[in-house]
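For reference, upload19.txt is printed below; it contains compact mmCIF, C-alpha atoms and all ligand atoms.
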```
# COMPACT_ATOMS: atom_id res chain seq x y z
CA MET A 1 -44.89 44.82 -14.22
CA THR A 2 -44.38 41.25 -15.43
CA ASP A 3 -46.40 39.84 -18.36
CA LEU A 4 -47.98 36.65 -17.03
CA PRO A 5 -48.83 34.14 -19.76
CA ILE A 6 -51.52 32.31 -17.76
CA SER A 7 -54.62 34.12 -16.50
CA GLU A 8 -54.28 34.86 -12.79
CA ALA A 9 -57.95 34.02 -12.36
CA ILE A 10 -57.33 30.43 -13.48
CA VAL A 11 -54.44 30.04 -11.04
CA ALA A 12 -56.55 31.54 -8.23
CA GLU A 13 -59.48 29.25 -9.03
CA ASN A 14 -57.27 26.16 -9.00
CA ASN A 15 -55.60 27.23 -5.79
CA LYS A 16 -58.94 27.88 -4.12
CA ALA A 17 -60.01 24.32 -4.81
CA ALA A 18 -56.83 22.88 -3.28
CA GLU A 19 -56.06 25.35 -0.47
CA ALA A 20 -57.97 23.73 2.41
CA ALA A 21 -56.46 20.29 1.79
CA LEU A 22 -52.99 21.80 1.56
CA ALA A 23 -53.45 23.65 4.85
CA ASN A 24 -54.42 20.36 6.56
CA ASP A 25 -51.54 18.41 5.02
CA TYR A 26 -49.06 21.15 5.84
CA SER A 27 -50.13 21.33 9.45
CA ALA A 28 -50.00 17.52 9.86
CA LEU A 29 -46.50 17.44 8.38
CA GLY A 30 -45.54 20.43 10.53
CA GLU A 31 -46.55 18.51 13.67
CA GLN A 32 -44.59 15.46 12.57
CA LEU A 33 -41.47 17.51 11.81
CA ASP A 34 -41.85 19.43 15.05
CA ARG A 35 -41.56 16.12 16.93
CA ARG A 36 -38.29 15.62 15.03
CA GLY A 37 -37.08 19.07 16.08
CA ILE A 38 -37.53 20.57 12.61
CA ASP A 39 -39.24 23.91 11.98
CA ILE A 40 -41.34 23.32 8.85
CA ASP A 41 -41.56 27.02 7.99
CA ALA A 42 -37.77 27.33 7.95
CA VAL A 43 -37.60 24.44 5.46
CA THR A 44 -40.36 25.99 3.35
CA ARG A 45 -38.52 29.32 3.23
CA LYS A 46 -35.37 27.57 1.99
CA VAL A 47 -37.28 25.63 -0.66
CA ALA A 48 -38.99 28.86 -1.76
CA SER A 49 -35.61 30.50 -2.30
CA PHE A 50 -34.35 27.64 -4.49
CA GLY A 51 -34.26 28.16 -8.25
CA VAL A 52 -33.25 26.00 -11.20
CA ALA A 53 -32.71 27.25 -14.77
CA ILE A 54 -34.82 25.98 -17.67
CA PRO A 55 -32.89 24.93 -20.79
CA SER A 56 -34.26 26.88 -23.76
CA TRP A 57 -33.90 23.74 -25.87
CA GLY A 58 -36.04 21.75 -23.42
CA VAL A 59 -39.30 23.52 -24.29
CA GLY A 60 -39.19 22.24 -27.86
CA THR A 61 -40.04 18.59 -28.50
CA GLY A 62 -36.91 16.46 -28.60
CA GLY A 63 -36.24 13.38 -30.62
CA THR A 64 -33.83 10.53 -31.09
CA ARG A 65 -31.51 9.72 -33.96
CA PHE A 66 -34.33 7.58 -35.33
CA ALA A 67 -37.14 10.11 -35.42
CA ARG A 68 -38.64 13.18 -33.94
CA PHE A 69 -42.37 13.39 -33.39
CA ALA A 70 -43.27 17.07 -33.29
CA GLY A 71 -45.66 18.22 -30.59
CA PRO A 72 -48.43 20.77 -31.08
CA GLY A 73 -47.64 24.45 -30.63
CA GLU A 74 -43.87 24.05 -30.61
CA PRO A 75 -41.90 27.27 -30.08
CA ARG A 76 -40.72 28.80 -33.35
CA GLY A 77 -37.66 30.44 -31.87
CA ILE A 78 -36.19 31.95 -28.75
CA PHE A 79 -39.05 34.43 -28.18
CA ASP A 80 -41.67 31.66 -28.13
CA LYS A 81 -39.34 29.57 -25.97
CA LEU A 82 -39.20 32.40 -23.44
CA ASP A 83 -43.00 32.53 -23.35
CA ASP A 84 -43.08 28.81 -22.53
CA CYS A 85 -40.39 29.25 -19.87
CA ALA A 86 -42.50 32.04 -18.34
CA VAL A 87 -45.42 29.61 -17.97
CA ILE A 88 -43.18 27.19 -16.07
CA GLN A 89 -41.96 29.97 -13.80
CA GLN A 90 -45.41 31.48 -13.25
CA LEU A 91 -46.88 28.19 -12.09
CA THR A 92 -43.93 26.64 -10.22
CA ARG A 93 -42.02 29.77 -9.06
CA ALA A 94 -38.97 27.53 -9.05
CA THR A 95 -37.45 28.44 -12.44
CA PRO A 96 -36.60 32.16 -12.53
CA THR A 97 -33.90 31.84 -15.19
CA VAL A 98 -33.30 30.35 -18.63
CA SER A 99 -30.11 28.80 -19.99
CA LEU A 100 -29.61 29.61 -23.68
CA HIS A 101 -27.84 27.60 -26.38
CA ILE A 102 -26.03 29.44 -29.19
CA PRO A 103 -26.53 29.38 -32.17
CA TRP A 104 -29.89 27.67 -31.59
CA ASP A 105 -31.16 30.78 -29.78
CA LYS A 106 -29.42 33.36 -31.90
CA ALA A 107 -31.41 36.61 -32.26
CA ASP A 108 -30.90 40.24 -31.31
CA PRO A 109 -29.64 39.92 -27.70
CA VAL A 110 -31.10 43.30 -26.74
CA ALA A 111 -34.53 42.08 -27.83
CA ILE A 112 -34.03 38.76 -25.99
CA LYS A 113 -33.10 40.65 -22.82
CA ALA A 114 -36.11 42.96 -23.18
CA LYS A 115 -38.43 39.97 -23.59
CA GLY A 116 -36.85 38.26 -20.55
CA ASP A 117 -37.32 41.43 -18.51
CA ALA A 118 -40.96 41.74 -19.57
CA LEU A 119 -41.60 38.13 -18.52
CA GLY A 120 -39.60 38.44 -15.29
CA LEU A 121 -37.00 35.90 -16.45
CA GLY A 122 -33.23 36.14 -15.98
CA PHE A 123 -30.48 34.33 -17.90
CA ASP A 124 -28.28 31.62 -16.43
CA ALA A 125 -25.21 30.02 -18.03
CA MET A 126 -24.79 30.36 -21.80
CA ASN A 127 -24.14 27.15 -23.74
CA SER A 128 -21.97 27.14 -26.84
CA ASN A 129 -22.43 24.59 -29.61
CA THR A 130 -19.48 23.27 -31.56
CA PHE A 131 -20.91 19.76 -31.71
CA SER A 132 -22.95 20.43 -34.83
CA ASP A 133 -22.50 22.58 -37.90
CA ALA A 134 -24.53 25.75 -38.05
CA LYS A 135 -26.04 26.93 -41.32
CA ASP A 136 -23.51 28.91 -43.37
CA GLN A 137 -20.60 27.90 -41.14
CA ALA A 138 -17.24 28.08 -42.96
CA LEU A 139 -15.57 24.94 -41.57
CA SER A 140 -17.12 21.67 -40.39
CA TYR A 141 -16.93 20.12 -36.91
CA LYS A 142 -17.30 16.62 -38.33
CA PHE A 143 -13.87 15.67 -36.99
CA GLY A 144 -13.92 17.82 -33.89
CA SER A 145 -13.93 21.43 -32.80
CA LEU A 146 -11.74 22.74 -29.96
CA SER A 147 -9.44 19.73 -30.38
CA HIS A 148 -9.55 19.52 -34.18
CA THR A 149 -6.29 18.75 -35.98
CA ASP A 150 -6.77 21.88 -38.13
CA LYS A 151 -5.90 25.12 -36.35
CA ALA A 152 -8.44 27.04 -38.44
CA VAL A 153 -11.28 24.84 -37.15
CA ARG A 154 -10.07 25.27 -33.58
CA GLN A 155 -9.96 29.03 -34.11
CA GLN A 156 -13.51 29.03 -35.44
CA ALA A 157 -14.66 27.12 -32.36
CA ILE A 158 -12.80 29.54 -30.06
CA GLU A 159 -14.45 32.49 -31.78
CA HIS A 160 -17.87 30.88 -31.45
CA ASN A 161 -17.34 30.53 -27.69
CA ILE A 162 -16.25 34.17 -27.46
CA GLU A 163 -19.31 35.24 -29.42
CA THR A 164 -21.47 33.21 -27.00
CA ILE A 165 -19.89 35.09 -24.09
CA GLU A 166 -20.57 38.41 -25.83
CA ILE A 167 -24.25 37.54 -26.28
CA GLY A 168 -24.39 36.42 -22.64
CA ARG A 169 -22.94 39.72 -21.46
CA VAL A 170 -25.86 41.61 -22.98
CA LEU A 171 -28.27 39.21 -21.27
CA GLY A 172 -26.67 39.51 -17.84
CA SER A 173 -25.42 35.92 -17.77
CA LYS A 174 -22.29 35.20 -15.74
CA ALA A 175 -21.14 31.83 -17.03
CA LEU A 176 -20.27 29.90 -20.16
CA THR A 177 -20.89 26.15 -20.34
CA VAL A 178 -18.71 24.29 -22.82
CA TRP A 179 -19.58 20.78 -23.86
CA ILE A 180 -17.90 19.36 -26.94
CA GLY A 181 -18.58 16.11 -28.75
CA ASP A 182 -14.93 15.77 -29.80
CA GLY A 183 -13.42 12.32 -29.65
CA SER A 184 -12.89 9.34 -31.89
CA ASN A 185 -14.94 6.46 -33.20
CA PHE A 186 -12.14 3.93 -33.72
CA PRO A 187 -8.83 3.01 -32.09
CA GLY A 188 -6.00 4.72 -33.93
CA GLN A 189 -8.19 7.53 -35.23
CA SER A 190 -6.82 10.06 -32.77
CA ASN A 191 -3.80 10.54 -30.54
CA PHE A 192 -5.26 10.93 -27.03
CA THR A 193 -2.47 13.16 -25.73
CA ARG A 194 -2.13 15.46 -28.72
CA ALA A 195 -5.89 15.90 -28.97
CA PHE A 196 -6.12 16.85 -25.30
CA GLU A 197 -3.22 19.29 -25.67
CA ARG A 198 -4.99 20.98 -28.55
CA TYR A 199 -8.22 21.14 -26.54
CA LEU A 200 -6.46 22.69 -23.55
CA ASP A 201 -4.75 25.31 -25.71
CA ALA A 202 -8.06 26.25 -27.31
CA MET A 203 -9.83 26.41 -23.96
CA LYS A 204 -7.10 28.68 -22.65
CA ALA A 205 -7.97 31.14 -25.41
CA VAL A 206 -11.66 30.94 -24.43
CA TYR A 207 -10.76 31.36 -20.75
CA ALA A 208 -8.70 34.46 -21.57
CA ALA A 209 -11.82 36.06 -23.09
CA LEU A 210 -13.94 35.57 -19.95
CA PRO A 211 -15.06 38.81 -18.29
CA ASP A 212 -13.71 39.21 -14.74
CA ASP A 213 -16.99 38.28 -13.08
CA TRP A 214 -17.65 35.25 -15.30
CA ARG A 215 -16.99 31.55 -14.76
CA VAL A 216 -16.54 28.80 -17.31
CA PHE A 217 -18.15 25.41 -16.78
CA THR A 218 -16.75 22.45 -18.67
CA GLU A 219 -19.08 19.46 -18.93
CA HIS A 220 -17.79 15.94 -19.22
CA LYS A 221 -19.57 13.06 -20.93
CA LEU A 222 -18.57 9.43 -21.15
CA TYR A 223 -19.43 8.82 -24.80
CA GLU A 224 -21.72 9.94 -27.62
CA PRO A 225 -21.45 11.20 -30.29
CA ALA A 226 -17.91 9.76 -30.33
CA PHE A 227 -18.23 6.05 -29.53
CA TYR A 228 -14.66 4.94 -28.92
CA SER A 229 -13.09 7.83 -27.02
CA THR A 230 -14.27 11.22 -25.86
CA ILE A 231 -11.85 14.00 -24.98
CA VAL A 232 -13.63 15.25 -21.86
CA GLN A 233 -14.87 11.81 -20.84
CA ASP A 234 -15.03 11.88 -17.07
CA TRP A 235 -14.82 14.08 -13.99
CA GLY A 236 -11.10 13.32 -13.55
CA THR A 237 -10.24 14.78 -16.95
CA ASN A 238 -12.68 17.59 -16.24
CA TYR A 239 -10.93 18.37 -12.96
CA LEU A 240 -7.57 18.48 -14.78
CA ILE A 241 -9.07 21.00 -17.21
CA ALA A 242 -10.37 23.22 -14.41
CA GLN A 243 -6.97 23.06 -12.73
CA GLU A 244 -5.12 23.91 -15.94
CA LEU A 245 -7.40 26.80 -16.81
CA GLY A 246 -7.50 28.59 -13.46
CA PRO A 247 -9.76 29.92 -10.71
CA LYS A 248 -12.68 30.83 -12.98
CA ALA A 249 -12.98 27.27 -14.34
CA PHE A 250 -15.32 24.71 -12.77
CA CYS A 251 -16.64 21.22 -13.52
CA LEU A 252 -20.29 20.76 -14.49
CA VAL A 253 -22.06 17.54 -13.59
CA ASP A 254 -24.75 16.40 -16.03
CA LEU A 255 -26.49 13.51 -14.30
CA GLY A 256 -26.76 11.53 -17.55
CA HIS A 257 -23.08 11.66 -18.50
CA HIS A 258 -21.62 8.87 -16.37
CA ALA A 259 -21.02 5.17 -16.76
CA PRO A 260 -23.85 3.01 -15.36
CA ASN A 261 -23.83 2.65 -11.57
CA VAL A 262 -21.23 5.36 -11.04
CA ASN A 263 -21.52 6.96 -7.62
CA ILE A 264 -22.40 10.46 -8.84
CA GLU A 265 -22.99 11.89 -5.38
CA MET A 266 -19.42 11.02 -4.48
CA ILE A 267 -18.12 12.90 -7.53
CA VAL A 268 -20.16 15.85 -6.30
CA ALA A 269 -18.58 15.58 -2.86
CA ARG A 270 -15.07 15.49 -4.34
CA LEU A 271 -15.67 18.52 -6.54
CA ILE A 272 -17.09 20.45 -3.59
CA GLN A 273 -14.12 19.50 -1.41
CA PHE A 274 -11.67 20.78 -4.00
CA ARG A 275 -13.77 23.89 -4.79
CA LYS A 276 -14.39 22.98 -8.41
CA LEU A 277 -18.10 22.15 -8.57
CA ALA A 278 -19.70 24.32 -11.27
CA GLY A 279 -23.20 23.01 -10.89
CA PHE A 280 -25.60 20.64 -12.61
CA HIS A 281 -27.50 19.67 -15.65
CA PHE A 282 -30.34 17.79 -14.00
CA ASN A 283 -32.12 14.96 -15.76
CA ASP A 284 -32.64 11.25 -15.18
CA SER A 285 -31.67 8.16 -17.08
CA LYS A 286 -31.96 4.40 -17.14
CA TYR A 287 -29.30 3.44 -19.67
CA GLY A 288 -27.20 6.37 -20.88
CA ASP A 289 -27.67 10.06 -21.62
CA ASP A 290 -31.42 9.51 -21.78
CA ASP A 291 -32.31 13.09 -20.78
CA LEU A 292 -35.48 11.90 -19.03
CA ASP A 293 -37.36 14.01 -16.49
CA ALA A 294 -35.44 14.65 -13.26
CA GLY A 295 -36.42 12.28 -10.48
CA SER A 296 -38.51 10.05 -12.78
CA ILE A 297 -36.25 6.99 -12.69
CA ASN A 298 -33.99 7.26 -9.67
CA PRO A 299 -35.26 9.82 -7.17
CA PHE A 300 -33.05 8.34 -4.45
CA GLN A 301 -29.93 9.24 -6.41
CA LEU A 302 -31.21 12.80 -6.84
CA PHE A 303 -31.78 12.94 -3.08
CA LEU A 304 -28.24 11.67 -2.42
CA VAL A 305 -26.82 14.39 -4.68
CA PHE A 306 -28.79 17.01 -2.74
CA ASN A 307 -27.67 15.41 0.49
CA GLU A 308 -24.10 16.35 -0.49
CA LEU A 309 -25.18 19.86 -1.46
CA VAL A 310 -27.03 20.48 1.79
CA ASP A 311 -24.15 18.98 3.73
CA ALA A 312 -21.82 21.49 2.02
CA GLU A 313 -24.21 24.31 2.90
CA TYR A 314 -24.36 23.04 6.50
CA ARG A 315 -20.56 22.84 6.75
CA LYS A 316 -20.29 26.26 5.06
CA ALA A 317 -17.98 24.78 2.44
CA GLU A 318 -15.62 27.31 0.93
CA ALA A 319 -16.40 28.76 -2.53
CA PHE A 320 -19.61 26.72 -2.76
CA ASP A 321 -21.90 28.35 -5.32
CA PRO A 322 -23.36 25.76 -7.70
CA ALA A 323 -25.45 26.72 -10.73
CA TYR A 324 -28.58 24.63 -11.07
CA MET A 325 -29.85 23.90 -14.56
CA ILE A 326 -32.07 21.27 -16.13
CA ASP A 327 -30.95 19.54 -19.34
CA GLN A 328 -33.68 17.30 -20.74
CA SER A 329 -35.21 16.19 -23.99
CA HIS A 330 -38.95 15.60 -24.04
CA ASN A 331 -39.97 13.22 -26.76
CA VAL A 332 -43.38 11.93 -25.71
CA THR A 333 -44.68 14.44 -23.16
CA ASP A 334 -45.66 18.10 -23.29
CA PRO A 335 -42.28 19.75 -22.56
CA ILE A 336 -43.87 22.40 -20.32
CA GLU A 337 -45.46 19.70 -18.16
CA SER A 338 -42.24 17.66 -18.01
CA LEU A 339 -40.20 20.70 -17.02
CA MET A 340 -42.67 21.73 -14.32
CA ALA A 341 -42.70 18.19 -12.91
CA SER A 342 -38.89 18.10 -13.04
CA ALA A 343 -38.44 21.41 -11.23
CA ILE A 344 -40.79 20.10 -8.54
CA GLU A 345 -38.83 16.84 -8.20
CA ILE A 346 -35.57 18.79 -7.88
CA GLN A 347 -37.13 20.92 -5.13
CA ARG A 348 -38.42 17.74 -3.51
CA ALA A 349 -34.90 16.28 -3.34
CA TYR A 350 -33.66 19.54 -1.84
CA ALA A 351 -36.44 19.59 0.77
CA GLN A 352 -35.82 15.95 1.71
CA ALA A 353 -32.10 16.63 2.08
CA LEU A 354 -32.90 19.58 4.36
CA LEU A 355 -34.66 17.12 6.70
CA VAL A 356 -31.56 15.03 7.34
CA ASP A 357 -30.61 15.36 10.99
CA ARG A 358 -26.94 16.14 10.39
CA PRO A 359 -25.60 16.12 13.97
CA VAL A 360 -27.35 12.79 14.58
CA LEU A 361 -26.01 11.38 11.29
CA GLU A 362 -22.51 12.49 12.16
CA ALA A 363 -22.74 10.84 15.59
CA PHE A 364 -23.82 7.54 14.01
CA GLN A 365 -21.00 7.81 11.47
CA GLU A 366 -18.44 8.48 14.19
CA ALA A 367 -19.71 5.53 16.23
CA ASN A 368 -19.74 3.28 13.15
CA ASP A 369 -23.42 2.60 13.68
CA VAL A 370 -23.92 1.69 10.05
CA LEU A 371 -27.56 0.76 10.23
CA MET A 372 -28.67 3.86 12.08
CA ALA A 373 -26.61 6.13 9.84
CA ARG A 374 -28.37 4.64 6.83
CA GLU A 375 -31.77 4.89 8.53
CA THR A 376 -31.15 8.56 9.32
CA LEU A 377 -30.79 9.31 5.63
CA LYS A 378 -33.72 7.09 4.70
CA ARG A 379 -35.97 8.75 7.24
CA ALA A 380 -35.49 12.09 5.47
CA PHE A 381 -35.91 10.52 2.02
CA ASN A 382 -39.08 8.70 3.05
CA THR A 383 -40.81 11.86 4.29
CA ASP A 384 -43.49 13.12 1.91
CA VAL A 385 -42.49 16.76 1.56
CA SER A 386 -45.16 17.59 -1.07
CA PRO A 387 -46.99 20.03 1.25
CA ILE A 388 -43.74 21.97 1.78
CA ILE A 389 -43.10 22.37 -1.94
CA ALA A 390 -46.73 23.31 -2.65
CA LYS A 391 -46.74 25.84 0.18
CA ALA A 392 -43.47 27.38 -1.09
CA ARG A 393 -45.06 27.77 -4.54
CA LEU A 394 -48.25 29.23 -3.15
CA ALA A 395 -46.37 31.73 -0.98
CA LYS A 396 -44.65 33.05 -4.09
CA GLY A 397 -47.84 33.35 -6.14
CA GLY A 398 -47.55 30.03 -7.99
CA ALA A 399 -50.01 27.18 -8.38
CA ILE A 400 -50.60 24.50 -5.76
CA ASP A 401 -50.99 22.02 -8.61
CA PRO A 402 -49.08 23.49 -11.58
CA ILE A 403 -50.00 20.76 -14.06
CA ALA A 404 -53.71 21.00 -13.27
CA ALA A 405 -53.59 24.80 -13.60
CA TYR A 406 -51.65 24.53 -16.87
CA ARG A 407 -54.15 22.09 -18.32
CA ALA A 408 -57.06 24.26 -17.18
CA SER A 409 -55.48 27.28 -18.88
CA ALA A 410 -55.49 25.62 -22.32
CA TYR A 411 -52.17 27.40 -23.01
CA ARG A 412 -51.03 24.66 -25.38
CA ALA A 413 -54.19 24.97 -27.48
CA ARG A 414 -53.77 28.75 -27.59
CA VAL A 415 -50.17 28.60 -28.82
CA THR A 416 -50.98 25.77 -31.21
CA ALA A 417 -53.35 28.15 -32.98
CA GLU A 418 -50.61 30.81 -33.12
CA ARG A 419 -47.61 28.66 -34.02
CA PRO A 420 -47.65 26.71 -37.29
CA ALA A 421 -46.77 23.00 -37.02
CA THR A 422 -43.10 22.23 -37.67
CA GLY A 423 -43.68 18.59 -38.60
CA GLY A 424 -41.55 15.66 -37.47
CA SER A 425 -38.03 15.10 -38.69
CA SER A 426 -35.22 12.65 -38.34
CA SER A 427 -33.01 15.22 -36.63
CA GLY A 428 -31.40 14.84 -33.24
CA ILE A 429 -32.00 16.41 -29.86
CA VAL A 430 -33.83 19.58 -30.85
C1 LIG B 1 -24.71 16.86 -24.26
C2 LIG B 1 -25.50 17.85 -23.47
C3 LIG B 1 -24.81 19.19 -23.40
C4 LIG B 1 -25.46 19.91 -24.55
C5 LIG B 1 -26.90 19.48 -24.36
C6 LIG B 1 -27.85 19.76 -25.48
O1 LIG B 1 -25.27 15.59 -24.17
O2 LIG B 1 -25.80 17.36 -22.20
O3 LIG B 1 -25.10 19.85 -22.18
O4 LIG B 1 -25.27 21.27 -24.52
O5 LIG B 1 -26.77 18.09 -24.10
MN MN B 2 -25.82 18.63 -20.45
MN MN B 3 -26.33 15.26 -22.29
```

Hey, can you dump this file as structure tokens for me?
Ligand code: LRH
Ligand code: MN
Ligand code: MN
Amino acid sequence: MTDLPISEAIVAENNKAAEAALANDYSALGEQLDRRGIDIDAVTRKVASFGVAIPSWGVGTGGTRFARFAGPGEPRGIFDKLDDCAVIQQLTRATPTVSLHIPWDKADPVAIKAKGDALGLGFDAMNSNTFSDAKDQALSYKFGSLSHTDKAVRQQAIEHNIETIEIGRVLGSKALTVWIGDGSNFPGQSNFTRAFERYLDAMKAVYAALPDDWRVFTEHKLYEPAFYSTIVQDWGTNYLIAQELGPKAFCLVDLGHHAPNVNIEMIVARLIQFRKLAGFHFNDSKYGDDDLDAGSINPFQLFLVFNELVDAEYRKAEAFDPAYMIDQSHNVTDPIESLMASAIEIQRAYAQALLVDRPVLEAFQEANDVLMARETLKRAFNTDVSPIIAKARLAKGGAIDPIAAYRASAYRARVTAERPATGGSSSGIV
């Protein structure tokens, strides 16, 4: 029996008010898709089976390096964070797992697992953190971690990653995501080649500690916090790492970690082709690693990424098993609302990509009919698939309108009364 954080009566009441309109919209869309040779129920079933992991750090209010404006009822630790994640899952039915960050989420792993089980939540990839110093840590990561010039610092970072795996094992996770901030701020500060050699050696030690059924995901990022050079700066370097490490190593694509205007969907295609796509950290951005809500700035790009994923599914691409996670920072919205809206936008992009008529697209591509090839994609993107996503949620016991149901539940007011205010601070992302 799962503990549901929102009263089922509230969800039922909200659904009752919206059910008739949804039935009409779904049947109208069904007729339209039927004319296009698409079975709407088949698409709905696929959307219903899609899940994306919630980042534990995303349910707290984020901030920038200038300030952090605390929100009401912020989670006090991992157990509160799991409660918030359970709300997102109960209402959207699209987020069955949580991705933890260590040491931010450090607590008794047996108790974390028990709480996850009680809430019906599983655990996706574990994230290690050697980009900031933890309280009581012996050596500092100020000048790097896995690539540090000092072997003792590298060893500490290796051990932290191994500890993160050990915690993940208790939770039933099957992957470790490693993102490091290592790099340099000024030309001359670091020797590119030596630093990368040190990083690779350290990662080999982490790789050697992976359980047989685990994978390791390395995540590249163009810049920040290092402003001149970053060790794992792009997907090319990331691919080299995965090649050097071995068959359990894959490249993670965080949508915010690329230079402006980079063709991210093409990177995705390349990684799929060479069987090295780990999965995603979904978010959206306008300028850099903005960590804005998925689909809020450039939904077409999100659709194009999913177009590659559905194409891989359609072609039955070998060893294709991406992990889907969100990685966002919510500074001015209620994080639960932002995460629900993001999960829905990610499902929307998936549903739209499922509508692409692939044999027709291929024929236009083969015939070099550029305009019609483009229009074939656009036709899928321009279809309002909202009724499909809502129906998928409803079929699984979720809310037709998750944000309306959440607001009606007054969950935030309830937890605000239980959780003392943390106050703002000038700290970074969490
Ligand atoms: C780095 C990053 C990485 C971290 C997370 C908090 O920018 O994307 O995934 O673990 O943010
Ligand atoms: Mn990320
Ligand atoms: Mn990031």

Closest pair table for chain A residues within 9 Å of ligand LIG 1 (chain B), only C-alpha atoms and all ligand atoms, as a Markdown table:
```
| residue | atom | partner | partner_atom | distance |
| --- | --- | --- | --- | --- |
| A:Pro55 | CA | B:LIG1 | C6 | 8.6 |
| A:Trp57 | CA | B:LIG1 | C6 | 7.3 |
| A:Gly58 | CA | B:LIG1 | C6 | 8.7 |
| A:His101 | CA | B:LIG1 | O4 | 7.1 |
| A:Asn127 | CA | B:LIG1 | O4 | 6.0 |
| A:Ser128 | CA | B:LIG1 | O4 | 7.1 |
| A:Asn129 | CA | B:LIG1 | O4 | 6.7 |
| A:Phe131 | CA | B:LIG1 | C4 | 8.5 |
| A:Thr177 | CA | B:LIG1 | O4 | 7.8 |
| A:Val178 | CA | B:LIG1 | O4 | 7.4 |
| A:Trp179 | CA | B:LIG1 | C3 | 5.5 |
| A:Ile180 | CA | B:LIG1 | C1 | 7.7 |
| A:Gly181 | CA | B:LIG1 | C1 | 7.6 |
| A:Glu219 | CA | B:LIG1 | O3 | 6.9 |
| A:His220 | CA | B:LIG1 | C1 | 8.6 |
| A:Lys221 | CA | B:LIG1 | O1 | 7.0 |
| A:Tyr223 | CA | B:LIG1 | O1 | 9.0 |
| A:Glu224 | CA | B:LIG1 | O1 | 7.5 |
| A:Pro225 | CA | B:LIG1 | O1 | 8.4 |
| A:Asp254 | CA | B:LIG1 | O2 | 6.3 |
| A:Leu255 | CA | B:LIG1 | O2 | 8.8 |
| A:Gly256 | CA | B:LIG1 | O2 | 7.5 |
| A:His257 | CA | B:LIG1 | O1 | 7.2 |
| A:His281 | CA | B:LIG1 | O3 | 7.0 |
| A:Asp289 | CA | B:LIG1 | O1 | 6.5 |
| A:Asp290 | CA | B:LIG1 | O1 | 9.0 |
| A:Asp291 | CA | B:LIG1 | O2 | 7.9 |
| A:Asp327 | CA | B:LIG1 | O2 | 6.3 |
| A:Gln328 | CA | B:LIG1 | O5 | 7.7 |
| A:Ser329 | CA | B:LIG1 | C6 | 8.3 |
| A:Ile429 | CA | B:LIG1 | C6 | 6.9 |
| A:Val430 | CA | B:LIG1 | C6 | 8.0 |
```

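Here CA of Pro420 (chain A) and CA of Ala343 (chain A) stand 28.1 Å from one another.
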
Counting all atoms listed in the file, which residue out of A:Ala249, A:Val170, A:Ala152, A:Leu377 sits closest to Leu355 (chain A)?
A:Leu377

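Closest approach to ligand MN 3 (chain B) among A:Asp284, A:Asp108, A:Asp150, A:Glu197: A:Asp284, based on all atoms listed in the file.
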
Which residue gives the smallest distance to ligand MN 3 (chain B) among A:Leu309, A:Val253, A:Ala392, A:Ile162, with only C-alpha atoms and all ligand atoms counted?
A:Val253

Considering only C-alpha atoms, return as number ranges by chain whatever protein or nucleic-acid residues lie within 9 Å of Gly120 (chain A), sequence-local ones (same chain, fewer than 3 positions apart) excluded.
A: 1-4, 86, 89, 96-97, 115-117
